[in-house]
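Peer 1: Sending over a structure as structure tokens; questions will come in a sec.
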Amino acid sequence: MRDSLERVSQIFALETSDLHCIIKAFHEEMALGLRGKQSSLKMLPAYVGLPTGTERGTYIVLDMGGTNFRVAKILLDGKRGARIEALKRQKIPPKLRGGRREDLFDFLAHQVGLFLLDNHCQETSLAFIFSYPLEQRSLSSGVLIRWTKGFTIPGVEGEDVAFLLREALRREGLSHLQLKALLNDTVGTLLAASYSAPGFDMAVILGTGTNACYPESVTRLPFPPERLPAEKVIINLEWGNFNRLPMNEYDTLLDSQTPNPGEQRMEKMVSGLYLGELVRLILLNVARETEKTSYKKPYCLTSHHLATLAATTSQKTGPIKEISDLVFFRSARIAAAAIVAVVNWMDPDLQNSHAIAIDGALFTGYPGYREKMEETVRELLGEKAHLLSLHHEKEGSAIGAAVACALRELPAKSF
Ligand code: BGC
């Protein structure tokens with residue numbers, strides 16, 4: 001078994017030179033994506049810029065992630081302060097992930113109705129965080145390009161999800177609600193972080209899925225500036241789909257067994273939904289015959305299990321802990337290289353400091369993950385590494401969505 005583990009350790013290793021190649025490829029894909037050319041990075045404008053911290057109001061936020069659906073009432077005080085006045089979290093029933101589209105949207109609308117009743121809400125301005133690749137034409141509309149994170153519901157790709165939500169709200173008797181903003185979770189996280197303090201210019205999600213966004217100068221975009229909200233507009237990279245990473249045989253096997261082979265390649269090497277499965281596939285290959293039976297069921301090992309295991313000090317964990325570290329720390333190194341790529345894109349000579357808001361269970365949940373990212377940033381940037389700071393923005397996207405609503409209500413700032 002030692003030999004097999006040695007081999008796994010080699011094929012999951014990424015040298016510094018590999019990371020520099022990844023950064024170069026990232027820049028090429030970013031440039032193509034921004035010009036609207038064929039690229040694995042979609043570079044989607046979010047039709048919103050950064051806030052000033054003076055935005056105010058109370059808003060209802062809906063947040064559909066990969067695992068949970070949350071409804072929240074958020075108050076922005078106009079002085080960089082925000083309060084979650086009420087919050088309800090619900091697991092998205094697994095059967096809805098591949099069922100009829102009306103069932104999903106009616107479920108969301110029903111939860112909103114219950115939340116408004118339970119919390120006696122009078123507010124009517126709504127924001128919808130929809131954490132899947134969206135092609136937006138305004139802040140309040142967006143067409144789903146394709147499902148990710150295991151969702152396969154037919155009839156949603158190619159459709160405006162704001163319209164589908166409005167229809168469901170109407171069926172639920174909630175047509176008085178006004179959908180003011182539709183946004184990605186990365187965008188929500190960046191808005192929340194920069195509402196609370198100046199200096200943030202990138203947000204990253206390292207959770208069930210992975211992605212990032214940053215503010216881009218409008219002059220670097222190929223469409224008319226008058227359609228955009230400010231000098232800079234937030235770009236959603238959809239970096240989970242980046243496809244120029246060195247894949248090994250386990251990555252290829254995992255990819256071939258997903259509903260979307262060939263897509264979301266980086267996500268399948270980095271994000272929480274897939275890391276447990278990579279560990280399982282390796283174990284099936286290297287563990288003793290007697291142990292293999294426990295790993296027969298696809299996706300039976302979750303990132304959460306492995307994080308708990310990685311935190312134990314017991315010697316009895318067998319090879320699983322060692323394998324898990326190899327898989328999770330490769331993820332951390334890729335994430336760190338991708339962050340450095342985006343920061344270098346914004347600031348090629350690295351002259352300024354950059355605060356990066358990061359959310360998602362991997363970043364703080366897996367022991368050593370954050371430290372591995374920080375170590376990799378130092379490896380790549382040397383003495384300039386101190387200019388990059390990674391901050392945990394815990395569940396900030398809902399606050400950011402409220403900020404997006406407030407920005408929408410200021411016509412000069414966004415639309
Ligand atoms: C989605 C992104 C999202 C990320 C994190 C990915 O699967 O495509 O839109 O931001 O997950 O939730």
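How things are named: the first chain in the structure tokens is A, the next is B, and so on; residues count from 1 in each chain; ligands count from 1 in the order shown.
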Apply DSSP to the backbone of this structure and, from stretch 114-237 of chain A, keep only the residues in strand (DSSP E); write these as a PDB file with N, CA and C atoms, in the first residue's frame.
Peer 2:
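The result, stored in part-v5.pdb:
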```pdb
ATOM      1  N   SER A 125     -39.192  44.828  -1.330  1.00  0.00           N
ATOM      2  CA  SER A 125     -38.031  44.729  -2.228  1.00  0.00           C
ATOM      3  C   SER A 125     -37.247  43.463  -1.945  1.00  0.00           C
ATOM      4  N   LEU A 126     -36.990  42.742  -3.020  1.00  0.00           N
ATOM      5  CA  LEU A 126     -36.433  41.401  -2.894  1.00  0.00           C
ATOM      6  C   LEU A 126     -35.139  41.270  -3.690  1.00  0.00           C
ATOM      7  N   ALA A 127     -34.198  40.504  -3.147  1.00  0.00           N
ATOM      8  CA  ALA A 127     -33.013  40.132  -3.940  1.00  0.00           C
ATOM      9  C   ALA A 127     -32.945  38.613  -3.971  1.00  0.00           C
ATOM     10  N   PHE A 128     -32.453  38.091  -5.066  1.00  0.00           N
ATOM     11  CA  PHE A 128     -32.389  36.635  -5.253  1.00  0.00           C
ATOM     12  C   PHE A 128     -30.947  36.239  -5.565  1.00  0.00           C
ATOM     13  N   ILE A 129     -30.336  35.503  -4.638  1.00  0.00           N
ATOM     14  CA  ILE A 129     -28.985  34.987  -4.900  1.00  0.00           C
ATOM     15  C   ILE A 129     -29.160  33.619  -5.539  1.00  0.00           C
ATOM     16  N   PHE A 130     -28.693  33.521  -6.760  1.00  0.00           N
ATOM     17  CA  PHE A 130     -28.835  32.278  -7.516  1.00  0.00           C
ATOM     18  C   PHE A 130     -27.421  31.866  -7.910  1.00  0.00           C
ATOM     19  N   LEU A 134     -24.968  32.697 -14.602  1.00  0.00           N
ATOM     20  CA  LEU A 134     -26.077  33.478 -15.169  1.00  0.00           C
ATOM     21  C   LEU A 134     -25.561  34.492 -16.171  1.00  0.00           C
ATOM     22  N   GLU A 135     -26.167  34.539 -17.323  1.00  0.00           N
ATOM     23  CA  GLU A 135     -25.867  35.577 -18.315  1.00  0.00           C
ATOM     24  C   GLU A 135     -26.848  36.705 -18.024  1.00  0.00           C
ATOM     25  N   GLN A 136     -26.330  37.839 -17.500  1.00  0.00           N
ATOM     26  CA  GLN A 136     -27.256  38.920 -17.122  1.00  0.00           C
ATOM     27  C   GLN A 136     -27.304  40.005 -18.183  1.00  0.00           C
ATOM     28  N   ARG A 137     -28.457  40.630 -18.327  1.00  0.00           N
ATOM     29  CA  ARG A 137     -28.613  41.789 -19.201  1.00  0.00           C
ATOM     30  C   ARG A 137     -28.971  43.017 -18.376  1.00  0.00           C
ATOM     31  N   SER A 138     -29.245  42.777 -17.110  1.00  0.00           N
ATOM     32  CA  SER A 138     -29.519  43.862 -16.161  1.00  0.00           C
ATOM     33  C   SER A 138     -29.324  43.262 -14.777  1.00  0.00           C
ATOM     34  N   SER A 141     -32.311  40.610 -14.036  1.00  0.00           N
ATOM     35  CA  SER A 141     -32.707  39.488 -14.886  1.00  0.00           C
ATOM     36  C   SER A 141     -31.462  38.701 -15.273  1.00  0.00           C
ATOM     37  N   GLY A 142     -31.634  37.436 -15.564  1.00  0.00           N
ATOM     38  CA  GLY A 142     -30.468  36.631 -15.933  1.00  0.00           C
ATOM     39  C   GLY A 142     -30.874  35.245 -16.387  1.00  0.00           C
ATOM     40  N   VAL A 143     -30.214  34.818 -17.461  1.00  0.00           N
ATOM     41  CA  VAL A 143     -30.526  33.520 -18.057  1.00  0.00           C
ATOM     42  C   VAL A 143     -29.525  32.476 -17.534  1.00  0.00           C
ATOM     43  N   LEU A 144     -30.032  31.363 -17.059  1.00  0.00           N
ATOM     44  CA  LEU A 144     -29.128  30.288 -16.599  1.00  0.00           C
ATOM     45  C   LEU A 144     -28.402  29.694 -17.801  1.00  0.00           C
ATOM     46  N   GLN A 178     -41.265  42.812  -5.248  1.00  0.00           N
ATOM     47  CA  GLN A 178     -40.548  43.281  -6.443  1.00  0.00           C
ATOM     48  C   GLN A 178     -39.115  42.775  -6.427  1.00  0.00           C
ATOM     49  N   LEU A 179     -38.793  42.001  -7.448  1.00  0.00           N
ATOM     50  CA  LEU A 179     -37.430  41.477  -7.531  1.00  0.00           C
ATOM     51  C   LEU A 179     -36.517  42.572  -8.069  1.00  0.00           C
ATOM     52  N   LYS A 180     -35.658  43.096  -7.177  1.00  0.00           N
ATOM     53  CA  LYS A 180     -34.801  44.226  -7.559  1.00  0.00           C
ATOM     54  C   LYS A 180     -33.422  43.776  -8.012  1.00  0.00           C
ATOM     55  N   ALA A 181     -32.971  42.638  -7.484  1.00  0.00           N
ATOM     56  CA  ALA A 181     -31.601  42.240  -7.833  1.00  0.00           C
ATOM     57  C   ALA A 181     -31.487  40.726  -7.870  1.00  0.00           C
ATOM     58  N   LEU A 182     -30.770  40.282  -8.888  1.00  0.00           N
ATOM     59  CA  LEU A 182     -30.483  38.857  -9.055  1.00  0.00           C
ATOM     60  C   LEU A 182     -28.968  38.762  -9.083  1.00  0.00           C
ATOM     61  N   LEU A 183     -28.393  37.947  -8.219  1.00  0.00           N
ATOM     62  CA  LEU A 183     -26.926  37.953  -8.187  1.00  0.00           C
ATOM     63  C   LEU A 183     -26.335  36.618  -7.773  1.00  0.00           C
ATOM     64  N   PHE A 200     -11.763  45.926  -0.190  1.00  0.00           N
ATOM     65  CA  PHE A 200     -11.957  44.580  -0.751  1.00  0.00           C
ATOM     66  C   PHE A 200     -12.078  44.661  -2.262  1.00  0.00           C
ATOM     67  N   ASP A 201     -11.352  43.815  -2.965  1.00  0.00           N
ATOM     68  CA  ASP A 201     -11.552  43.827  -4.417  1.00  0.00           C
ATOM     69  C   ASP A 201     -11.600  42.437  -5.023  1.00  0.00           C
ATOM     70  N   MET A 202     -11.975  41.476  -4.212  1.00  0.00           N
ATOM     71  CA  MET A 202     -12.202  40.145  -4.778  1.00  0.00           C
ATOM     72  C   MET A 202     -12.983  39.321  -3.763  1.00  0.00           C
ATOM     73  N   ALA A 203     -13.855  38.452  -4.250  1.00  0.00           N
ATOM     74  CA  ALA A 203     -14.527  37.508  -3.346  1.00  0.00           C
ATOM     75  C   ALA A 203     -14.428  36.117  -3.953  1.00  0.00           C
ATOM     76  N   VAL A 204     -14.334  35.130  -3.071  1.00  0.00           N
ATOM     77  CA  VAL A 204     -14.153  33.744  -3.495  1.00  0.00           C
ATOM     78  C   VAL A 204     -15.092  32.868  -2.678  1.00  0.00           C
ATOM     79  N   ILE A 205     -15.710  31.907  -3.333  1.00  0.00           N
ATOM     80  CA  ILE A 205     -16.485  30.901  -2.598  1.00  0.00           C
ATOM     81  C   ILE A 205     -15.762  29.564  -2.716  1.00  0.00           C
ATOM     82  N   LEU A 206     -15.534  28.954  -1.561  1.00  0.00           N
ATOM     83  CA  LEU A 206     -14.933  27.615  -1.513  1.00  0.00           C
ATOM     84  C   LEU A 206     -15.870  26.746  -0.682  1.00  0.00           C
ATOM     85  N   THR A 210     -17.331  26.226  -6.336  1.00  0.00           N
ATOM     86  CA  THR A 210     -16.307  27.262  -6.166  1.00  0.00           C
ATOM     87  C   THR A 210     -16.398  28.283  -7.286  1.00  0.00           C
ATOM     88  N   ASN A 211     -16.047  29.533  -6.936  1.00  0.00           N
ATOM     89  CA  ASN A 211     -16.151  30.607  -7.916  1.00  0.00           C
ATOM     90  C   ASN A 211     -15.526  31.860  -7.315  1.00  0.00           C
ATOM     91  N   ALA A 212     -15.394  32.910  -8.158  1.00  0.00           N
ATOM     92  CA  ALA A 212     -14.834  34.174  -7.669  1.00  0.00           C
ATOM     93  C   ALA A 212     -15.334  35.329  -8.515  1.00  0.00           C
ATOM     94  N   CYS A 213     -15.225  36.541  -7.962  1.00  0.00           N
ATOM     95  CA  CYS A 213     -15.567  37.741  -8.732  1.00  0.00           C
ATOM     96  C   CYS A 213     -14.640  38.883  -8.323  1.00  0.00           C
ATOM     97  N   TYR A 214     -14.544  39.893  -9.169  1.00  0.00           N
ATOM     98  CA  TYR A 214     -13.690  41.063  -8.895  1.00  0.00           C
ATOM     99  C   TYR A 214     -14.247  42.236  -9.703  1.00  0.00           C
ATOM    100  N   PRO A 215     -13.928  43.474  -9.309  1.00  0.00           N
ATOM    101  CA  PRO A 215     -14.420  44.629 -10.082  1.00  0.00           C
ATOM    102  C   PRO A 215     -13.490  44.899 -11.270  1.00  0.00           C
ATOM    103  N   GLU A 216     -14.057  45.040 -12.441  1.00  0.00           N
ATOM    104  CA  GLU A 216     -13.289  45.249 -13.666  1.00  0.00           C
ATOM    105  C   GLU A 216     -13.605  46.637 -14.232  1.00  0.00           C
ATOM    106  N   SER A 217     -12.575  47.278 -14.812  1.00  0.00           N
ATOM    107  CA  SER A 217     -12.822  48.591 -15.424  1.00  0.00           C
ATOM    108  C   SER A 217     -13.735  48.427 -16.631  1.00  0.00           C
ATOM    109  N   LYS A 232     -16.421  50.843 -12.597  1.00  0.00           N
ATOM    110  CA  LYS A 232     -16.045  49.432 -12.514  1.00  0.00           C
ATOM    111  C   LYS A 232     -17.304  48.609 -12.329  1.00  0.00           C
ATOM    112  N   VAL A 233     -17.304  47.472 -12.941  1.00  0.00           N
ATOM    113  CA  VAL A 233     -18.446  46.585 -12.782  1.00  0.00           C
ATOM    114  C   VAL A 233     -17.908  45.240 -12.283  1.00  0.00           C
ATOM    115  N   ILE A 234     -18.684  44.607 -11.417  1.00  0.00           N
ATOM    116  CA  ILE A 234     -18.214  43.325 -10.881  1.00  0.00           C
ATOM    117  C   ILE A 234     -18.361  42.240 -11.952  1.00  0.00           C
ATOM    118  N   ILE A 235     -17.293  41.473 -12.104  1.00  0.00           N
ATOM    119  CA  ILE A 235     -17.313  40.367 -13.063  1.00  0.00           C
ATOM    120  C   ILE A 235     -17.312  39.044 -12.302  1.00  0.00           C
ATOM    121  N   ASN A 236     -18.260  38.207 -12.639  1.00  0.00           N
ATOM    122  CA  ASN A 236     -18.333  36.858 -12.094  1.00  0.00           C
ATOM    123  C   ASN A 236     -17.531  35.945 -13.028  1.00  0.00           C
TER     124      ASN A 236
END
```
Peer 1: Residues within 8 Å of ligand 1, counting only C-alpha atoms and all ligand atoms: report them as a PyMOL selection string.
Peer 2: chain A and resi 65-66+130-134+147-149+184-186+205-212+236+238-241+264+267
Peer 1: Have a look at A:Ala46, A:Val161, A:Leu139, A:Leu169 and name the one nearest to A:Glu409; count only C-alpha atoms.
Peer 2: A:Leu139
Peer 1: Would you mind listing what lies within 7 Å of A:Ala310 as a count of residues only, with only C-alpha atoms counted and same-chain residues fewer than 4 positions away left out?
Peer 2: 3
Peer 1: Would you mind reading off the distance between atom CA of A:Asp347 and atom CA of A:Arg370, one decimal, in Å?
Peer 2: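 Between atom CA of A:Asp347 and atom CA of A:Arg370 the gap is 23.1 Å.
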Peer 1: When you look at A:Thr364 with a cut-off of 12 Å (counting only C-alpha atoms), what residues show up, excluding the ones that are within fewer than 2 positions of it in the same chain? I need them as a PDB file with N, CA and C atoms, in the first residue's frame.
Peer 2:
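Output (part-v4.pdb):
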```pdb
ATOM      1  N   ILE A 205     -15.710  31.907  -3.333  1.00  0.00           N
ATOM      2  CA  ILE A 205     -16.485  30.901  -2.598  1.00  0.00           C
ATOM      3  C   ILE A 205     -15.762  29.564  -2.716  1.00  0.00           C
ATOM      4  N   LEU A 206     -15.534  28.954  -1.561  1.00  0.00           N
ATOM      5  CA  LEU A 206     -14.933  27.615  -1.513  1.00  0.00           C
ATOM      6  C   LEU A 206     -15.870  26.746  -0.682  1.00  0.00           C
ATOM      7  N   GLY A 207     -16.971  26.348  -1.289  1.00  0.00           N
ATOM      8  CA  GLY A 207     -17.980  25.580  -0.562  1.00  0.00           C
ATOM      9  C   GLY A 207     -18.370  24.371  -1.388  1.00  0.00           C
ATOM     10  N   HIS A 304     -17.462  17.222   4.746  1.00  0.00           N
ATOM     11  CA  HIS A 304     -17.705  17.437   6.169  1.00  0.00           C
ATOM     12  C   HIS A 304     -17.119  16.271   6.996  1.00  0.00           C
ATOM     13  N   ALA A 307     -13.368  16.490   6.942  1.00  0.00           N
ATOM     14  CA  ALA A 307     -12.851  17.586   7.768  1.00  0.00           C
ATOM     15  C   ALA A 307     -12.843  17.149   9.234  1.00  0.00           C
ATOM     16  N   ALA A 311      -9.484  16.399  11.677  1.00  0.00           N
ATOM     17  CA  ALA A 311      -9.262  17.104  12.942  1.00  0.00           C
ATOM     18  C   ALA A 311      -8.963  16.141  14.086  1.00  0.00           C
ATOM     19  N   ALA A 332      -6.502  23.528  -2.121  1.00  0.00           N
ATOM     20  CA  ALA A 332      -6.092  24.823  -1.546  1.00  0.00           C
ATOM     21  C   ALA A 332      -5.037  25.488  -2.428  1.00  0.00           C
ATOM     22  N   ILE A 358     -13.499  35.641   1.567  1.00  0.00           N
ATOM     23  CA  ILE A 358     -13.673  34.223   1.219  1.00  0.00           C
ATOM     24  C   ILE A 358     -14.741  33.597   2.102  1.00  0.00           C
ATOM     25  N   ASP A 359     -15.659  32.890   1.473  1.00  0.00           N
ATOM     26  CA  ASP A 359     -16.669  32.168   2.242  1.00  0.00           C
ATOM     27  C   ASP A 359     -16.733  30.719   1.752  1.00  0.00           C
ATOM     28  N   GLY A 360     -17.351  29.883   2.560  1.00  0.00           N
ATOM     29  CA  GLY A 360     -17.484  28.470   2.181  1.00  0.00           C
ATOM     30  C   GLY A 360     -16.790  27.593   3.197  1.00  0.00           C
ATOM     31  N   ALA A 361     -17.355  26.392   3.372  1.00  0.00           N
ATOM     32  CA  ALA A 361     -16.912  25.525   4.467  1.00  0.00           C
ATOM     33  C   ALA A 361     -15.475  25.027   4.324  1.00  0.00           C
ATOM     34  N   LEU A 362     -14.931  24.978   3.099  1.00  0.00           N
ATOM     35  CA  LEU A 362     -13.570  24.452   2.968  1.00  0.00           C
ATOM     36  C   LEU A 362     -12.548  25.361   3.642  1.00  0.00           C
ATOM     37  N   TYR A 366     -11.810  22.774   6.886  1.00  0.00           N
ATOM     38  CA  TYR A 366     -10.844  21.671   6.773  1.00  0.00           C
ATOM     39  C   TYR A 366      -9.532  22.093   7.433  1.00  0.00           C
ATOM     40  N   PRO A 367      -9.095  21.367   8.471  1.00  0.00           N
ATOM     41  CA  PRO A 367      -7.889  21.796   9.195  1.00  0.00           C
ATOM     42  C   PRO A 367      -6.686  21.980   8.261  1.00  0.00           C
ATOM     43  N   GLY A 368      -6.093  23.152   8.317  1.00  0.00           N
ATOM     44  CA  GLY A 368      -4.879  23.414   7.539  1.00  0.00           C
ATOM     45  C   GLY A 368      -5.136  23.969   6.142  1.00  0.00           C
ATOM     46  N   TYR A 369      -6.396  24.012   5.717  1.00  0.00           N
ATOM     47  CA  TYR A 369      -6.701  24.439   4.337  1.00  0.00           C
ATOM     48  C   TYR A 369      -6.311  25.909   4.131  1.00  0.00           C
ATOM     49  N   ARG A 370      -6.782  26.748   5.039  1.00  0.00           N
ATOM     50  CA  ARG A 370      -6.490  28.182   4.930  1.00  0.00           C
ATOM     51  C   ARG A 370      -4.975  28.423   4.965  1.00  0.00           C
ATOM     52  N   GLU A 371      -4.316  27.716   5.895  1.00  0.00           N
ATOM     53  CA  GLU A 371      -2.863  27.889   6.032  1.00  0.00           C
ATOM     54  C   GLU A 371      -2.157  27.459   4.747  1.00  0.00           C
ATOM     55  N   LYS A 372      -2.666  26.384   4.122  1.00  0.00           N
ATOM     56  CA  LYS A 372      -2.055  25.916   2.870  1.00  0.00           C
ATOM     57  C   LYS A 372      -2.233  26.993   1.783  1.00  0.00           C
ATOM     58  N   MET A 373      -3.378  27.641   1.777  1.00  0.00           N
ATOM     59  CA  MET A 373      -3.585  28.710   0.783  1.00  0.00           C
ATOM     60  C   MET A 373      -2.591  29.846   1.033  1.00  0.00           C
ATOM     61  N   LEU A 390      -6.302  37.348   3.095  1.00  0.00           N
ATOM     62  CA  LEU A 390      -7.493  36.511   2.936  1.00  0.00           C
ATOM     63  C   LEU A 390      -8.372  36.677   4.178  1.00  0.00           C
ATOM     64  N   HIS A 391      -9.630  37.031   3.964  1.00  0.00           N
ATOM     65  CA  HIS A 391     -10.531  37.264   5.109  1.00  0.00           C
ATOM     66  C   HIS A 391     -11.735  36.339   5.013  1.00  0.00           C
ATOM     67  N   HIS A 392     -12.118  35.799   6.146  1.00  0.00           N
ATOM     68  CA  HIS A 392     -13.317  34.952   6.129  1.00  0.00           C
ATOM     69  C   HIS A 392     -14.552  35.838   6.211  1.00  0.00           C
ATOM     70  N   GLU A 393     -15.387  35.820   5.174  1.00  0.00           N
ATOM     71  CA  GLU A 393     -16.628  36.624   5.167  1.00  0.00           C
ATOM     72  C   GLU A 393     -17.762  35.629   5.364  1.00  0.00           C
ATOM     73  N   LYS A 394     -18.097  35.395   6.626  1.00  0.00           N
ATOM     74  CA  LYS A 394     -19.000  34.269   6.912  1.00  0.00           C
ATOM     75  C   LYS A 394     -20.435  34.581   6.487  1.00  0.00           C
TER      76      LYS A 394
END
```
Peer 1: For stretch 335-338 of chain A, list every protein, DNA or RNA residue within 10 Å, evaluated using only C-alpha atoms, and leave out those in the same chain fewer than 2 positions away; present the list as a VMD selection string.
Peer 2: chain A and resid 16 18 to 24 26 to 27 204 to 206 210 to 212 239 242 266 to 267 269 to 271 329 to 333 340 to 344 363 370 372 to 380 390
Peer 1: Using only C-alpha atoms, which residues sit within 12 Å of A:Pro261 once same-chain residues fewer than 6 positions away are excluded, as a PyMOL selection string?
Peer 2: chain A and resi 148+150+241+243+251-255+267-268
Peer 1: May I have all residues of stretch 194-320 of chain A that DSSP, computed from the backbone, assigns to helix (DSSP H, G or I), given as a PyMOL selection string?
Peer 2: chain A and resi 194-196+218-220+225-227+239-241+249-256+265-270+272-286+289-295+303-311+315-317+319-320
Peer 1: Taking only C-alpha atoms into account, name the residue in A:Arg97, A:Lys73, A:Lys384, A:Arg80 that is nearest to A:Cys121.
Peer 2: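 Among the listed residues, the smallest separation from A:Cys121 belongs to A:Lys73.
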Peer 1: For atom CA of A:Pro154 and atom CA of A:Leu275, determine how far apart the two atoms are, in Å to one decimal place.
Peer 2: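 So the answer is 26.3 Å.
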Peer 1: Give me, as a list in words, all polymer residues having an atom no more than 6 Å from A:Asp106, counting only C-alpha atoms and skipping those fewer than 4 positions away in the same chain.
Peer 2: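 Counting only C-alpha atoms, the residues come to Glu102, His110 and Ala168 of chain A.
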Peer 1: Please save N, CA and C atoms of the selected residues as a PDB file, in the first residue's frame.
Peer 2:
```
ATOM      1  N   GLU A 102     -41.125  23.736 -12.059  1.00  0.00           N
ATOM      2  CA  GLU A 102     -42.157  24.398 -11.241  1.00  0.00           C
ATOM      3  C   GLU A 102     -42.037  23.948  -9.785  1.00  0.00           C
ATOM      4  N   HIS A 110     -42.961  29.262  -1.849  1.00  0.00           N
ATOM      5  CA  HIS A 110     -43.707  28.879  -0.657  1.00  0.00           C
ATOM      6  C   HIS A 110     -42.909  29.227   0.615  1.00  0.00           C
ATOM      7  N   ALA A 168     -43.572  32.053 -10.016  1.00  0.00           N
ATOM      8  CA  ALA A 168     -43.864  31.212  -8.844  1.00  0.00           C
ATOM      9  C   ALA A 168     -44.406  32.072  -7.695  1.00  0.00           C
TER      10      ALA A 168
END
```
Peer 1: Closest to A:Leu164 among A:Asp103, A:Leu273, A:Pro222, A:Thr152, using only C-alpha atoms?
Peer 2: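 Looking at the shortest contact to A:Leu164, the residue is A:Asp103.
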Peer 1: Do you have the atom CA of A:Ile339-atom CA of A:His305 distance handy?
Peer 2: 26.6 Å
Peer 1: I'd like to know which of A:Ser4, A:Tyr195, A:Leu50, A:Ser303 is closest to A:Val279, using only C-alpha atoms.
Peer 2: A:Ser303
Peer 1: Compare A:Thr189, A:Thr54, A:Asn260, A:Ser294 by their minimum atom-to-atom distance to A:Phe151, counting only C-alpha atoms, and give me the closest one.
Peer 2: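 Counting only C-alpha atoms, the residue closest to A:Phe151 is A:Asn260.
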